[in-house]
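Report on the structure given below.
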Amino acid sequence: FLHCHNCLELGFCHGGSGILLVENKQYSFEDYDISVVCPNTMHISKSSMGTRSQWEYLYIDTNRLFKEYLVPEFMQAPLFMFDSPDFPNIVSGRKYPELKNLFLNILKEFRDQSENYQLNIACLSISFLLELTRLLPKESKTHYSNQKTKLAIYPAIQYIDKNYAESIKIEKLSSLCSLSLTHFRRIFKAIMGESPLSYLNRVRINKSCELLYNTEESVLDIALKVGFSSNTSYNRNFTALMNTTPLQWRKKSRTIPKNNMNFSIFPVPQQDISKPD
């Protein structure tokens, strides 16, 4: 089923083939391919008919990772590019063996858990992400060449992620970024590929999925808890993003045990920097 995460998802295909759907984009994948899916982005992978592909995943809170390891802000900005319509969400490990080897080293560190493995994982993850930015399409590099423009909306993104359950006015977001309302709308849409309201609703739907799966609260209570003003508004937005109703999604998602899900809808535990599926 279509779903999203509140962190960056990186996947490595150990074997098999199929397709990855990311919003309105579709990619074929095969063994040694690497998937890159941004936070709050609807996606799903499907193995080829009659087969079962094998994946291993990392879920990374990039803001936390970079903050804890003092990565300068100008180096963080290119990560917005992973959400560009031009960015390929499947990267070939055969074509880029350095990326494949970095990813496999991270997974090995998780499995071995040798001395200082968490620090090594953090450093390898940062190296992997920075290496990944070098693969950005030339069109995207030109379109988003001004790093300060990307950094300009960071305050709005952070505010939404922390206050999604509250009534958020776009004037507040533009003020946090010290931009005029018109300029803020234009920059946000250019960088994120959607309006601030659309992004806010996407975050709210993501949070609601956690509650639908983990609690017995009513759909109305969940809708109000994540910031929607009515059940009607919640159902309309949920169906538009997930192609199913909240009740249908809850029923279907619960047929899959949490520890057997190919894709997690759950936040990364606080003590972990990233975690394989």
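By order of appearance in the structure tokens: chains A, B, ..., then residues from 1 within every chain, and ligands from 1 in the order shown.
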
Could you list, as a PDB file with all heavy atoms, in the first residue's frame, every residue within 12 Å of region 105-110 of chain A, counting only C-alpha atoms and ignoring same-chain residues fewer than 3 positions away?
ATOM      1  N   LEU A  10      16.520   5.016   2.536  1.00  0.00           N
ATOM      2  CA  LEU A  10      17.486   4.513   1.564  1.00  0.00           C
ATOM      3  C   LEU A  10      17.371   2.998   1.541  1.00  0.00           C
ATOM      4  O   LEU A  10      17.374   2.356   2.593  1.00  0.00           O
ATOM      5  CB  LEU A  10      18.911   4.909   1.955  1.00  0.00           C
ATOM      6  CG  LEU A  10      19.194   6.403   2.115  1.00  0.00           C
ATOM      7  CD1 LEU A  10      20.609   6.616   2.643  1.00  0.00           C
ATOM      8  CD2 LEU A  10      19.009   7.140   0.794  1.00  0.00           C
ATOM      9  N   GLY A  11      17.247   2.416   0.354  1.00  0.00           N
ATOM     10  CA  GLY A  11      17.099   0.971   0.241  1.00  0.00           C
ATOM     11  C   GLY A  11      18.148   0.371  -0.674  1.00  0.00           C
ATOM     12  O   GLY A  11      18.594   1.015  -1.630  1.00  0.00           O
ATOM     13  N   PHE A  12      18.545  -0.855  -0.378  1.00  0.00           N
ATOM     14  CA  PHE A  12      19.492  -1.571  -1.229  1.00  0.00           C
ATOM     15  C   PHE A  12      18.867  -2.895  -1.647  1.00  0.00           C
ATOM     16  O   PHE A  12      18.436  -3.687  -0.802  1.00  0.00           O
ATOM     17  CB  PHE A  12      20.806  -1.836  -0.501  1.00  0.00           C
ATOM     18  CG  PHE A  12      21.854  -2.476  -1.371  1.00  0.00           C
ATOM     19  CD1 PHE A  12      22.656  -1.691  -2.186  1.00  0.00           C
ATOM     20  CD2 PHE A  12      22.025  -3.859  -1.389  1.00  0.00           C
ATOM     21  CE1 PHE A  12      23.615  -2.271  -3.004  1.00  0.00           C
ATOM     22  CE2 PHE A  12      22.978  -4.449  -2.194  1.00  0.00           C
ATOM     23  CZ  PHE A  12      23.776  -3.647  -3.013  1.00  0.00           C
ATOM     24  N   HIS A  14      19.171  -6.456  -2.748  1.00  0.00           N
ATOM     25  CA  HIS A  14      20.135  -7.554  -2.765  1.00  0.00           C
ATOM     26  C   HIS A  14      19.838  -8.549  -3.884  1.00  0.00           C
ATOM     27  O   HIS A  14      20.727  -9.280  -4.316  1.00  0.00           O
ATOM     28  CB  HIS A  14      20.127  -8.284  -1.429  1.00  0.00           C
ATOM     29  CG  HIS A  14      20.727  -7.501  -0.307  1.00  0.00           C
ATOM     30  ND1 HIS A  14      22.083  -7.344  -0.150  1.00  0.00           N
ATOM     31  CD2 HIS A  14      20.151  -6.815   0.711  1.00  0.00           C
ATOM     32  CE1 HIS A  14      22.333  -6.620   0.932  1.00  0.00           C
ATOM     33  NE2 HIS A  14      21.169  -6.280   1.471  1.00  0.00           N
ATOM     34  N   TRP A  55      15.271  -6.660  -0.075  1.00  0.00           N
ATOM     35  CA  TRP A  55      15.741  -5.304   0.197  1.00  0.00           C
ATOM     36  C   TRP A  55      16.208  -5.183   1.648  1.00  0.00           C
ATOM     37  O   TRP A  55      15.736  -5.896   2.524  1.00  0.00           O
ATOM     38  CB  TRP A  55      14.623  -4.292  -0.035  1.00  0.00           C
ATOM     39  CG  TRP A  55      14.306  -4.030  -1.464  1.00  0.00           C
ATOM     40  CD1 TRP A  55      13.505  -4.786  -2.278  1.00  0.00           C
ATOM     41  CD2 TRP A  55      14.769  -2.934  -2.256  1.00  0.00           C
ATOM     42  NE1 TRP A  55      13.442  -4.231  -3.528  1.00  0.00           N
ATOM     43  CE2 TRP A  55      14.210  -3.096  -3.548  1.00  0.00           C
ATOM     44  CE3 TRP A  55      15.597  -1.846  -2.010  1.00  0.00           C
ATOM     45  CZ2 TRP A  55      14.453  -2.189  -4.582  1.00  0.00           C
ATOM     46  CZ3 TRP A  55      15.845  -0.948  -3.029  1.00  0.00           C
ATOM     47  CH2 TRP A  55      15.275  -1.123  -4.291  1.00  0.00           C
ATOM     48  N   GLU A  56      17.101  -4.236   1.841  1.00  0.00           N
ATOM     49  CA  GLU A  56      17.507  -3.836   3.185  1.00  0.00           C
ATOM     50  C   GLU A  56      17.471  -2.316   3.213  1.00  0.00           C
ATOM     51  O   GLU A  56      17.865  -1.659   2.252  1.00  0.00           O
ATOM     52  CB  GLU A  56      18.913  -4.346   3.490  1.00  0.00           C
ATOM     53  CG  GLU A  56      19.223  -4.430   4.968  1.00  0.00           C
ATOM     54  CD  GLU A  56      20.429  -5.306   5.261  1.00  0.00           C
ATOM     55  OE1 GLU A  56      21.078  -5.762   4.296  1.00  0.00           O
ATOM     56  OE2 GLU A  56      20.722  -5.517   6.449  1.00  0.00           O
ATOM     57  N   TYR A  57      16.974  -1.741   4.329  1.00  0.00           N
ATOM     58  CA  TYR A  57      16.699  -0.307   4.359  1.00  0.00           C
ATOM     59  C   TYR A  57      17.387   0.413   5.502  1.00  0.00           C
ATOM     60  O   TYR A  57      17.630  -0.152   6.574  1.00  0.00           O
ATOM     61  CB  TYR A  57      15.184  -0.068   4.484  1.00  0.00           C
ATOM     62  CG  TYR A  57      14.403  -0.518   3.293  1.00  0.00           C
ATOM     63  CD1 TYR A  57      13.857  -1.796   3.239  1.00  0.00           C
ATOM     64  CD2 TYR A  57      14.233   0.330   2.204  1.00  0.00           C
ATOM     65  CE1 TYR A  57      13.152  -2.219   2.127  1.00  0.00           C
ATOM     66  CE2 TYR A  57      13.524  -0.088   1.090  1.00  0.00           C
ATOM     67  CZ  TYR A  57      12.989  -1.367   1.061  1.00  0.00           C
ATOM     68  OH  TYR A  57      12.299  -1.779  -0.046  1.00  0.00           O
ATOM     69  N   LEU A  58      17.675   1.686   5.261  1.00  0.00           N
ATOM     70  CA  LEU A  58      18.121   2.621   6.289  1.00  0.00           C
ATOM     71  C   LEU A  58      17.111   3.754   6.352  1.00  0.00           C
ATOM     72  O   LEU A  58      16.698   4.270   5.311  1.00  0.00           O
ATOM     73  CB  LEU A  58      19.497   3.208   5.959  1.00  0.00           C
ATOM     74  CG  LEU A  58      20.676   2.244   5.841  1.00  0.00           C
ATOM     75  CD1 LEU A  58      21.909   3.007   5.374  1.00  0.00           C
ATOM     76  CD2 LEU A  58      20.949   1.567   7.175  1.00  0.00           C
ATOM     77  N   TYR A  59      16.728   4.137   7.564  1.00  0.00           N
ATOM     78  CA  TYR A  59      15.836   5.288   7.759  1.00  0.00           C
ATOM     79  C   TYR A  59      16.616   6.342   8.531  1.00  0.00           C
ATOM     80  O   TYR A  59      16.997   6.116   9.682  1.00  0.00           O
ATOM     81  CB  TYR A  59      14.574   4.858   8.509  1.00  0.00           C
ATOM     82  CG  TYR A  59      13.790   3.820   7.751  1.00  0.00           C
ATOM     83  CD1 TYR A  59      13.931   2.467   8.036  1.00  0.00           C
ATOM     84  CD2 TYR A  59      12.923   4.190   6.725  1.00  0.00           C
ATOM     85  CE1 TYR A  59      13.234   1.507   7.328  1.00  0.00           C
ATOM     86  CE2 TYR A  59      12.217   3.235   6.014  1.00  0.00           C
ATOM     87  CZ  TYR A  59      12.379   1.894   6.320  1.00  0.00           C
ATOM     88  OH  TYR A  59      11.690   0.944   5.611  1.00  0.00           O
ATOM     89  N   GLU A  98      30.988   3.009  -5.986  1.00  0.00           N
ATOM     90  CA  GLU A  98      31.410   3.663  -4.743  1.00  0.00           C
ATOM     91  C   GLU A  98      30.225   3.855  -3.803  1.00  0.00           C
ATOM     92  O   GLU A  98      30.346   3.714  -2.581  1.00  0.00           O
ATOM     93  CB  GLU A  98      32.097   5.006  -5.030  1.00  0.00           C
ATOM     94  CG  GLU A  98      31.208   6.095  -5.593  1.00  0.00           C
ATOM     95  CD  GLU A  98      30.937   5.935  -7.090  1.00  0.00           C
ATOM     96  OE1 GLU A  98      31.416   4.964  -7.691  1.00  0.00           O
ATOM     97  OE2 GLU A  98      30.250   6.815  -7.657  1.00  0.00           O
ATOM     98  N   LEU A  99      29.053   4.165  -4.362  1.00  0.00           N
ATOM     99  CA  LEU A  99      27.845   4.301  -3.548  1.00  0.00           C
ATOM    100  C   LEU A  99      27.426   2.945  -2.993  1.00  0.00           C
ATOM    101  O   LEU A  99      27.049   2.822  -1.826  1.00  0.00           O
ATOM    102  CB  LEU A  99      26.707   4.897  -4.381  1.00  0.00           C
ATOM    103  CG  LEU A  99      26.701   6.409  -4.567  1.00  0.00           C
ATOM    104  CD1 LEU A  99      25.569   6.822  -5.499  1.00  0.00           C
ATOM    105  CD2 LEU A  99      26.549   7.117  -3.233  1.00  0.00           C
ATOM    106  N   LYS A 100      27.476   1.931  -3.855  1.00  0.00           N
ATOM    107  CA  LYS A 100      27.102   0.582  -3.423  1.00  0.00           C
ATOM    108  C   LYS A 100      27.988   0.126  -2.268  1.00  0.00           C
ATOM    109  O   LYS A 100      27.499  -0.392  -1.252  1.00  0.00           O
ATOM    110  CB  LYS A 100      27.238  -0.391  -4.601  1.00  0.00           C
ATOM    111  CG  LYS A 100      26.888  -1.842  -4.245  1.00  0.00           C
ATOM    112  CD  LYS A 100      27.333  -2.815  -5.320  1.00  0.00           C
ATOM    113  CE  LYS A 100      28.850  -2.975  -5.306  1.00  0.00           C
ATOM    114  NZ  LYS A 100      29.320  -4.034  -6.225  1.00  0.00           N
ATOM    115  N   ASN A 101      29.288   0.340  -2.382  1.00  0.00           N
ATOM    116  CA  ASN A 101      30.210  -0.111  -1.338  1.00  0.00           C
ATOM    117  C   ASN A 101      30.008   0.651  -0.031  1.00  0.00           C
ATOM    118  O   ASN A 101      30.091   0.068   1.060  1.00  0.00           O
ATOM    119  CB  ASN A 101      31.650   0.038  -1.825  1.00  0.00           C
ATOM    120  CG  ASN A 101      31.980  -0.917  -2.967  1.00  0.00           C
ATOM    121  OD1 ASN A 101      31.365  -1.977  -3.088  1.00  0.00           O
ATOM    122  ND2 ASN A 101      32.935  -0.542  -3.807  1.00  0.00           N
ATOM    123  N   LEU A 102      29.739   1.958  -0.133  1.00  0.00           N
ATOM    124  CA  LEU A 102      29.454   2.742   1.074  1.00  0.00           C
ATOM    125  C   LEU A 102      28.222   2.204   1.787  1.00  0.00           C
ATOM    126  O   LEU A 102      28.209   2.033   3.007  1.00  0.00           O
ATOM    127  CB  LEU A 102      29.253   4.215   0.711  1.00  0.00           C
ATOM    128  CG  LEU A 102      30.486   5.110   0.664  1.00  0.00           C
ATOM    129  CD1 LEU A 102      30.126   6.480   0.100  1.00  0.00           C
ATOM    130  CD2 LEU A 102      31.093   5.262   2.059  1.00  0.00           C
ATOM    131  N   GLN A 113      28.349  -4.553  14.695  1.00  0.00           N
ATOM    132  CA  GLN A 113      28.304  -3.761  15.925  1.00  0.00           C
ATOM    133  C   GLN A 113      29.631  -3.811  16.691  1.00  0.00           C
ATOM    134  O   GLN A 113      29.684  -4.067  17.896  1.00  0.00           O
ATOM    135  CB  GLN A 113      27.144  -4.192  16.824  1.00  0.00           C
ATOM    136  CG  GLN A 113      25.790  -3.952  16.179  1.00  0.00           C
ATOM    137  CD  GLN A 113      24.630  -4.077  17.149  1.00  0.00           C
ATOM    138  OE1 GLN A 113      24.814  -4.166  18.361  1.00  0.00           O
ATOM    139  NE2 GLN A 113      23.429  -4.057  16.616  1.00  0.00           N
ATOM    140  N   SER A 114      30.708  -3.573  15.945  1.00  0.00           N
ATOM    141  CA  SER A 114      32.031  -3.518  16.569  1.00  0.00           C
ATOM    142  C   SER A 114      32.179  -2.223  17.367  1.00  0.00           C
ATOM    143  O   SER A 114      31.288  -1.370  17.363  1.00  0.00           O
ATOM    144  CB  SER A 114      33.112  -3.588  15.487  1.00  0.00           C
ATOM    145  OG  SER A 114      32.986  -4.782  14.726  1.00  0.00           O
ATOM    146  N   GLU A 115      33.309  -2.062  18.031  1.00  0.00           N
ATOM    147  CA  GLU A 115      33.542  -0.878  18.866  1.00  0.00           C
ATOM    148  C   GLU A 115      33.357   0.400  18.041  1.00  0.00           C
ATOM    149  O   GLU A 115      33.846   0.498  16.918  1.00  0.00           O
ATOM    150  CB  GLU A 115      34.948  -0.925  19.453  1.00  0.00           C
ATOM    151  CG  GLU A 115      35.235   0.194  20.441  1.00  0.00           C
ATOM    152  CD  GLU A 115      36.615   0.077  21.051  1.00  0.00           C
ATOM    153  OE1 GLU A 115      37.349  -0.884  20.699  1.00  0.00           O
ATOM    154  OE2 GLU A 115      36.977   0.939  21.873  1.00  0.00           O
ATOM    155  N   ASN A 116      32.628   1.369  18.612  1.00  0.00           N
ATOM    156  CA  ASN A 116      32.361   2.665  17.970  1.00  0.00           C
ATOM    157  C   ASN A 116      31.601   2.531  16.642  1.00  0.00           C
ATOM    158  O   ASN A 116      31.710   3.384  15.774  1.00  0.00           O
ATOM    159  CB  ASN A 116      33.677   3.427  17.723  1.00  0.00           C
ATOM    160  CG  ASN A 116      34.403   3.765  19.006  1.00  0.00           C
ATOM    161  OD1 ASN A 116      33.775   4.136  19.997  1.00  0.00           O
ATOM    162  ND2 ASN A 116      35.724   3.636  19.001  1.00  0.00           N
ATOM    163  N   TYR A 117      30.798   1.481  16.525  1.00  0.00           N
ATOM    164  CA  TYR A 117      30.095   1.266  15.252  1.00  0.00           C
ATOM    165  C   TYR A 117      29.099   2.382  14.942  1.00  0.00           C
ATOM    166  O   TYR A 117      28.904   2.739  13.776  1.00  0.00           O
ATOM    167  CB  TYR A 117      29.401  -0.095  15.255  1.00  0.00           C
ATOM    168  CG  TYR A 117      28.100  -0.165  16.026  1.00  0.00           C
ATOM    169  CD1 TYR A 117      26.872  -0.020  15.379  1.00  0.00           C
ATOM    170  CD2 TYR A 117      28.097  -0.377  17.406  1.00  0.00           C
ATOM    171  CE1 TYR A 117      25.690  -0.093  16.084  1.00  0.00           C
ATOM    172  CE2 TYR A 117      26.924  -0.452  18.113  1.00  0.00           C
ATOM    173  CZ  TYR A 117      25.708  -0.312  17.453  1.00  0.00           C
ATOM    174  OH  TYR A 117      24.530  -0.385  18.150  1.00  0.00           O
ATOM    175  N   GLN A 118      28.468   2.955  15.972  1.00  0.00           N
ATOM    176  CA  GLN A 118      27.480   4.005  15.711  1.00  0.00           C
ATOM    177  C   GLN A 118      28.134   5.259  15.121  1.00  0.00           C
ATOM    178  O   GLN A 118      27.588   5.882  14.209  1.00  0.00           O
ATOM    179  CB  GLN A 118      26.714   4.354  16.991  1.00  0.00           C
ATOM    180  CG  GLN A 118      25.755   3.252  17.415  1.00  0.00           C
ATOM    181  CD  GLN A 118      25.033   3.595  18.694  1.00  0.00           C
ATOM    182  OE1 GLN A 118      25.656   4.003  19.679  1.00  0.00           O
ATOM    183  NE2 GLN A 118      23.723   3.436  18.700  1.00  0.00           N
ATOM    184  N   LEU A 119      29.304   5.612  15.649  1.00  0.00           N
ATOM    185  CA  LEU A 119      30.030   6.755  15.109  1.00  0.00           C
ATOM    186  C   LEU A 119      30.447   6.487  13.668  1.00  0.00           C
ATOM    187  O   LEU A 119      30.335   7.358  12.801  1.00  0.00           O
ATOM    188  CB  LEU A 119      31.260   7.058  15.961  1.00  0.00           C
ATOM    189  CG  LEU A 119      32.177   8.178  15.471  1.00  0.00           C
ATOM    190  CD1 LEU A 119      31.408   9.494  15.382  1.00  0.00           C
ATOM    191  CD2 LEU A 119      33.383   8.322  16.393  1.00  0.00           C
ATOM    192  N   ASN A 120      30.903   5.289  13.398  1.00  0.00           N
ATOM    193  CA  ASN A 120      31.314   4.934  12.045  1.00  0.00           C
ATOM    194  C   ASN A 120      30.131   4.964  11.090  1.00  0.00           C
ATOM    195  O   ASN A 120      30.236   5.426   9.950  1.00  0.00           O
ATOM    196  CB  ASN A 120      31.973   3.557  12.033  1.00  0.00           C
ATOM    197  CG  ASN A 120      32.809   3.334  10.785  1.00  0.00           C
ATOM    198  OD1 ASN A 120      33.252   4.282  10.141  1.00  0.00           O
ATOM    199  ND2 ASN A 120      33.027   2.084  10.427  1.00  0.00           N
ATOM    200  N   ILE A 121      28.967   4.491  11.547  1.00  0.00           N
ATOM    201  CA  ILE A 121      27.754   4.521  10.722  1.00  0.00           C
ATOM    202  C   ILE A 121      27.384   5.964  10.386  1.00  0.00           C
ATOM    203  O   ILE A 121      27.029   6.280   9.243  1.00  0.00           O
ATOM    204  CB  ILE A 121      26.593   3.826  11.451  1.00  0.00           C
ATOM    205  CG1 ILE A 121      26.802   2.310  11.444  1.00  0.00           C
ATOM    206  CG2 ILE A 121      25.249   4.182  10.801  1.00  0.00           C
ATOM    207  CD1 ILE A 121      25.838   1.549  12.323  1.00  0.00           C
ATOM    208  N   ALA A 122      27.464   6.845  11.368  1.00  0.00           N
ATOM    209  CA  ALA A 122      27.132   8.250  11.137  1.00  0.00           C
ATOM    210  C   ALA A 122      28.059   8.857  10.087  1.00  0.00           C
ATOM    211  O   ALA A 122      27.597   9.533   9.164  1.00  0.00           O
ATOM    212  CB  ALA A 122      27.220   9.036  12.447  1.00  0.00           C
ATOM    213  N   CYS A 123      29.347   8.606  10.215  1.00  0.00           N
ATOM    214  CA  CYS A 123      30.316   9.168   9.262  1.00  0.00           C
ATOM    215  C   CYS A 123      30.120   8.589   7.866  1.00  0.00           C
ATOM    216  O   CYS A 123      30.164   9.316   6.860  1.00  0.00           O
ATOM    217  CB  CYS A 123      31.739   8.900   9.747  1.00  0.00           C
ATOM    218  SG  CYS A 123      32.165   9.746  11.294  1.00  0.00           S
ATOM    219  N   LEU A 124      29.886   7.282   7.784  1.00  0.00           N
ATOM    220  CA  LEU A 124      29.650   6.647   6.490  1.00  0.00           C
ATOM    221  C   LEU A 124      28.360   7.164   5.849  1.00  0.00           C
ATOM    222  O   LEU A 124      28.288   7.368   4.633  1.00  0.00           O
ATOM    223  CB  LEU A 124      29.581   5.128   6.646  1.00  0.00           C
ATOM    224  CG  LEU A 124      30.894   4.401   6.936  1.00  0.00           C
ATOM    225  CD1 LEU A 124      30.628   2.940   7.289  1.00  0.00           C
ATOM    226  CD2 LEU A 124      31.824   4.490   5.730  1.00  0.00           C
ATOM    227  N   SER A 125      27.340   7.395   6.684  1.00  0.00           N
ATOM    228  CA  SER A 125      26.059   7.899   6.166  1.00  0.00           C
ATOM    229  C   SER A 125      26.217   9.298   5.593  1.00  0.00           C
ATOM    230  O   SER A 125      25.656   9.618   4.538  1.00  0.00           O
ATOM    231  CB  SER A 125      25.000   7.890   7.275  1.00  0.00           C
ATOM    232  OG  SER A 125      24.736   6.578   7.713  1.00  0.00           O
ATOM    233  N   ILE A 126      26.959  10.141   6.289  1.00  0.00           N
ATOM    234  CA  ILE A 126      27.202  11.491   5.789  1.00  0.00           C
ATOM    235  C   ILE A 126      27.979  11.427   4.473  1.00  0.00           C
ATOM    236  O   ILE A 126      27.650  12.129   3.503  1.00  0.00           O
ATOM    237  CB  ILE A 126      27.961  12.330   6.836  1.00  0.00           C
ATOM    238  CG1 ILE A 126      27.054  12.601   8.046  1.00  0.00           C
ATOM    239  CG2 ILE A 126      28.448  13.645   6.232  1.00  0.00           C
ATOM    240  CD1 ILE A 126      27.769  13.244   9.217  1.00  0.00           C
ATOM    241  N   SER A 127      28.980  10.571   4.405  1.00  0.00           N
ATOM    242  CA  SER A 127      29.752  10.412   3.167  1.00  0.00           C
ATOM    243  C   SER A 127      28.853   9.938   2.034  1.00  0.00           C
ATOM    244  O   SER A 127      28.946  10.421   0.894  1.00  0.00           O
ATOM    245  CB  SER A 127      30.891   9.408   3.373  1.00  0.00           C
ATOM    246  OG  SER A 127      31.827   9.888   4.302  1.00  0.00           O
ATOM    247  N   PHE A 128      27.972   9.001   2.338  1.00  0.00           N
ATOM    248  CA  PHE A 128      27.061   8.470   1.320  1.00  0.00           C
ATOM    249  C   PHE A 128      26.147   9.568   0.779  1.00  0.00           C
ATOM    250  O   PHE A 128      25.973   9.719  -0.433  1.00  0.00           O
ATOM    251  CB  PHE A 128      26.220   7.336   1.905  1.00  0.00           C
ATOM    252  CG  PHE A 128      25.240   6.744   0.934  1.00  0.00           C
ATOM    253  CD1 PHE A 128      25.602   5.679   0.123  1.00  0.00           C
ATOM    254  CD2 PHE A 128      23.951   7.254   0.824  1.00  0.00           C
ATOM    255  CE1 PHE A 128      24.702   5.137  -0.782  1.00  0.00           C
ATOM    256  CE2 PHE A 128      23.051   6.727  -0.078  1.00  0.00           C
ATOM    257  CZ  PHE A 128      23.427   5.658  -0.885  1.00  0.00           C
ATOM    258  N   ASP A 272      18.697   5.555  18.058  1.00  0.00           N
ATOM    259  CA  ASP A 272      19.359   5.157  16.815  1.00  0.00           C
ATOM    260  C   ASP A 272      19.502   6.338  15.873  1.00  0.00           C
ATOM    261  O   ASP A 272      18.625   7.191  15.798  1.00  0.00           O
ATOM    262  CB  ASP A 272      18.555   4.070  16.104  1.00  0.00           C
ATOM    263  CG  ASP A 272      18.573   2.757  16.888  1.00  0.00           C
ATOM    264  OD1 ASP A 272      19.482   2.561  17.707  1.00  0.00           O
ATOM    265  OD2 ASP A 272      17.668   1.949  16.662  1.00  0.00           O
ATOM    266  N   ILE A 273      20.587   6.377  15.124  1.00  0.00           N
ATOM    267  CA  ILE A 273      20.772   7.391  14.091  1.00  0.00           C
ATOM    268  C   ILE A 273      20.072   6.949  12.815  1.00  0.00           C
ATOM    269  O   ILE A 273      19.396   7.704  12.159  1.00  0.00           O
ATOM    270  CB  ILE A 273      22.276   7.603  13.825  1.00  0.00           C
ATOM    271  CG1 ILE A 273      22.926   8.190  15.063  1.00  0.00           C
ATOM    272  CG2 ILE A 273      22.487   8.530  12.636  1.00  0.00           C
ATOM    273  CD1 ILE A 273      24.426   8.233  14.986  1.00  0.00           C
ATOM    274  N   SER A 274      20.218   5.683  12.473  1.00  0.00           N
ATOM    275  CA  SER A 274      19.532   5.106  11.340  1.00  0.00           C
ATOM    276  C   SER A 274      19.396   3.616  11.601  1.00  0.00           C
ATOM    277  O   SER A 274      20.041   3.077  12.478  1.00  0.00           O
ATOM    278  CB  SER A 274      20.324   5.355  10.051  1.00  0.00           C
ATOM    279  OG  SER A 274      21.652   4.907  10.207  1.00  0.00           O
ATOM    280  N   LYS A 275      18.538   2.956  10.846  1.00  0.00           N
ATOM    281  CA  LYS A 275      18.239   1.584  11.186  1.00  0.00           C
ATOM    282  C   LYS A 275      17.843   0.790   9.973  1.00  0.00           C
ATOM    283  O   LYS A 275      16.990   1.216   9.200  1.00  0.00           O
ATOM    284  CB  LYS A 275      17.093   1.570  12.201  1.00  0.00           C
ATOM    285  CG  LYS A 275      16.754   0.188  12.748  1.00  0.00           C
ATOM    286  CD  LYS A 275      15.676   0.317  13.808  1.00  0.00           C
ATOM    287  CE  LYS A 275      15.363  -1.044  14.420  1.00  0.00           C
ATOM    288  NZ  LYS A 275      14.320  -0.945  15.451  1.00  0.00           N
ATOM    289  N   PRO A 276      18.448  -0.397   9.759  1.00  0.00           N
ATOM    290  CA  PRO A 276      18.052  -1.210   8.616  1.00  0.00           C
ATOM    291  C   PRO A 276      16.728  -1.878   8.880  1.00  0.00           C
ATOM    292  O   PRO A 276      16.368  -2.126  10.030  1.00  0.00           O
ATOM    293  CB  PRO A 276      19.175  -2.245   8.537  1.00  0.00           C
ATOM    294  CG  PRO A 276      19.671  -2.380   9.929  1.00  0.00           C
ATOM    295  CD  PRO A 276      19.502  -1.016  10.553  1.00  0.00           C
ATOM    296  N   ASP A 277      15.964  -2.167   7.822  1.00  0.00           N
ATOM    297  CA  ASP A 277      14.690  -2.825   7.969  1.00  0.00           C
ATOM    298  C   ASP A 277      14.901  -4.309   8.218  1.00  0.00           C
ATOM    299  O   ASP A 277      15.729  -4.912   7.600  1.00  0.00           O
ATOM    300  CB  ASP A 277      13.870  -2.641   6.676  1.00  0.00           C
ATOM    301  CG  ASP A 277      12.419  -2.999   6.881  1.00  0.00           C
ATOM    302  OD1 ASP A 277      12.016  -3.108   8.042  1.00  0.00           O
ATOM    303  OD2 ASP A 277      11.707  -3.173   5.867  1.00  0.00           O
TER     304      ASP A 277
END

Proximity of region 153-173 of chain A to region 179-185 of chain A: per-residue shortest pair, 8 Å limit, only C-alpha atoms, as a tab-separated table:
residue	atom	partner	partner_atom	distance
A:Ile153	CA	A:Phe184	CA	7.8
A:Ile170	CA	A:Leu181	CA	7.6
A:Glu171	CA	A:Leu181	CA	6.4

Subject >> Counting only C-alpha atoms, the residue of A:Val203, A:Val91, A:Cys7, A:Ala223 that sits nearest Tyr164 (chain A) >> reply: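 Of all the options, A:Val203 lies closest to Tyr164 (chain A).
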
**OP:** Do a neighbour search on Leu173 (chain A) at 8 Å with only C-alpha atoms, toss out local chain neighbours closer than 3 positions, and write the hits as a PyMOL selection string.
**Re:** chain A and resi 155-156+159+168-170+176-177

Subject >> Residue neighbourhood region 16-31 of chain A, 6 Å, only C-alpha atoms, exclusion window fewer than 6 positions, as a list of chain:residue names >> reply: A:Met42, A:His43, A:Ile44, A:Ser45, A:Lys46, A:Ser47, A:Ser48, A:Ser53

Original post:
Residues of region 116-262 of chain A in alpha helix (DSSP H) according to DSSP, as JSON, numbers by chain?
Top reply: {"A": [117, 118, 119, 120, 121, 122, 123, 124, 125, 126, 127, 128, 129, 130, 131, 132, 133, 138, 139, 140, 141, 142, 143, 147, 148, 149, 150, 151, 154, 155, 156, 157, 158, 159, 160, 161, 162, 163, 170, 171, 172, 173, 174, 175, 176, 181, 182, 183, 184, 185, 186, 187, 188, 189, 190, 191, 192, 196, 197, 198, 199, 200, 201, 202, 203, 204, 205, 206, 207, 208, 209, 210, 211, 212, 213, 214, 219, 220, 221, 222, 223, 224, 225, 231, 232, 233, 234, 235, 236, 237, 238, 239, 240, 241, 242, 246, 247, 248, 249, 250, 251, 252, 253]}

Subject >> Which residue of A:Ser92, A:Thr51, A:Asn163, A:Asn201 approaches Thr239 (chain A) most closely, using only C-alpha atoms >> reply: A:Asn201

Subject >> Interatomic distance (Å, one decimal) between CA of Val37 (chain A) and CA of Leu8 (chain A) >> reply: 6.1 Å

**OP:** Check the DSSP output for the backbone and give back, as number ranges by chain, the residues of region 25-233 of chain A in strand (DSSP E).
**Re:** A: 25-29, 33-37, 43-47, 54-60, 90-92

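Of note, CA of Asn40 (chain A) and CA of Gly93 (chain A) are spaced 24.8 Å apart.
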
Original post:
Looking at only C-alpha atoms, which of A:Ile90, A:Leu130, A:Ile205, A:Cys13 is the one that sits closest to Arg236 (chain A)?
Top reply: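 Closest residue, counting only C-alpha atoms: A:Ile205.
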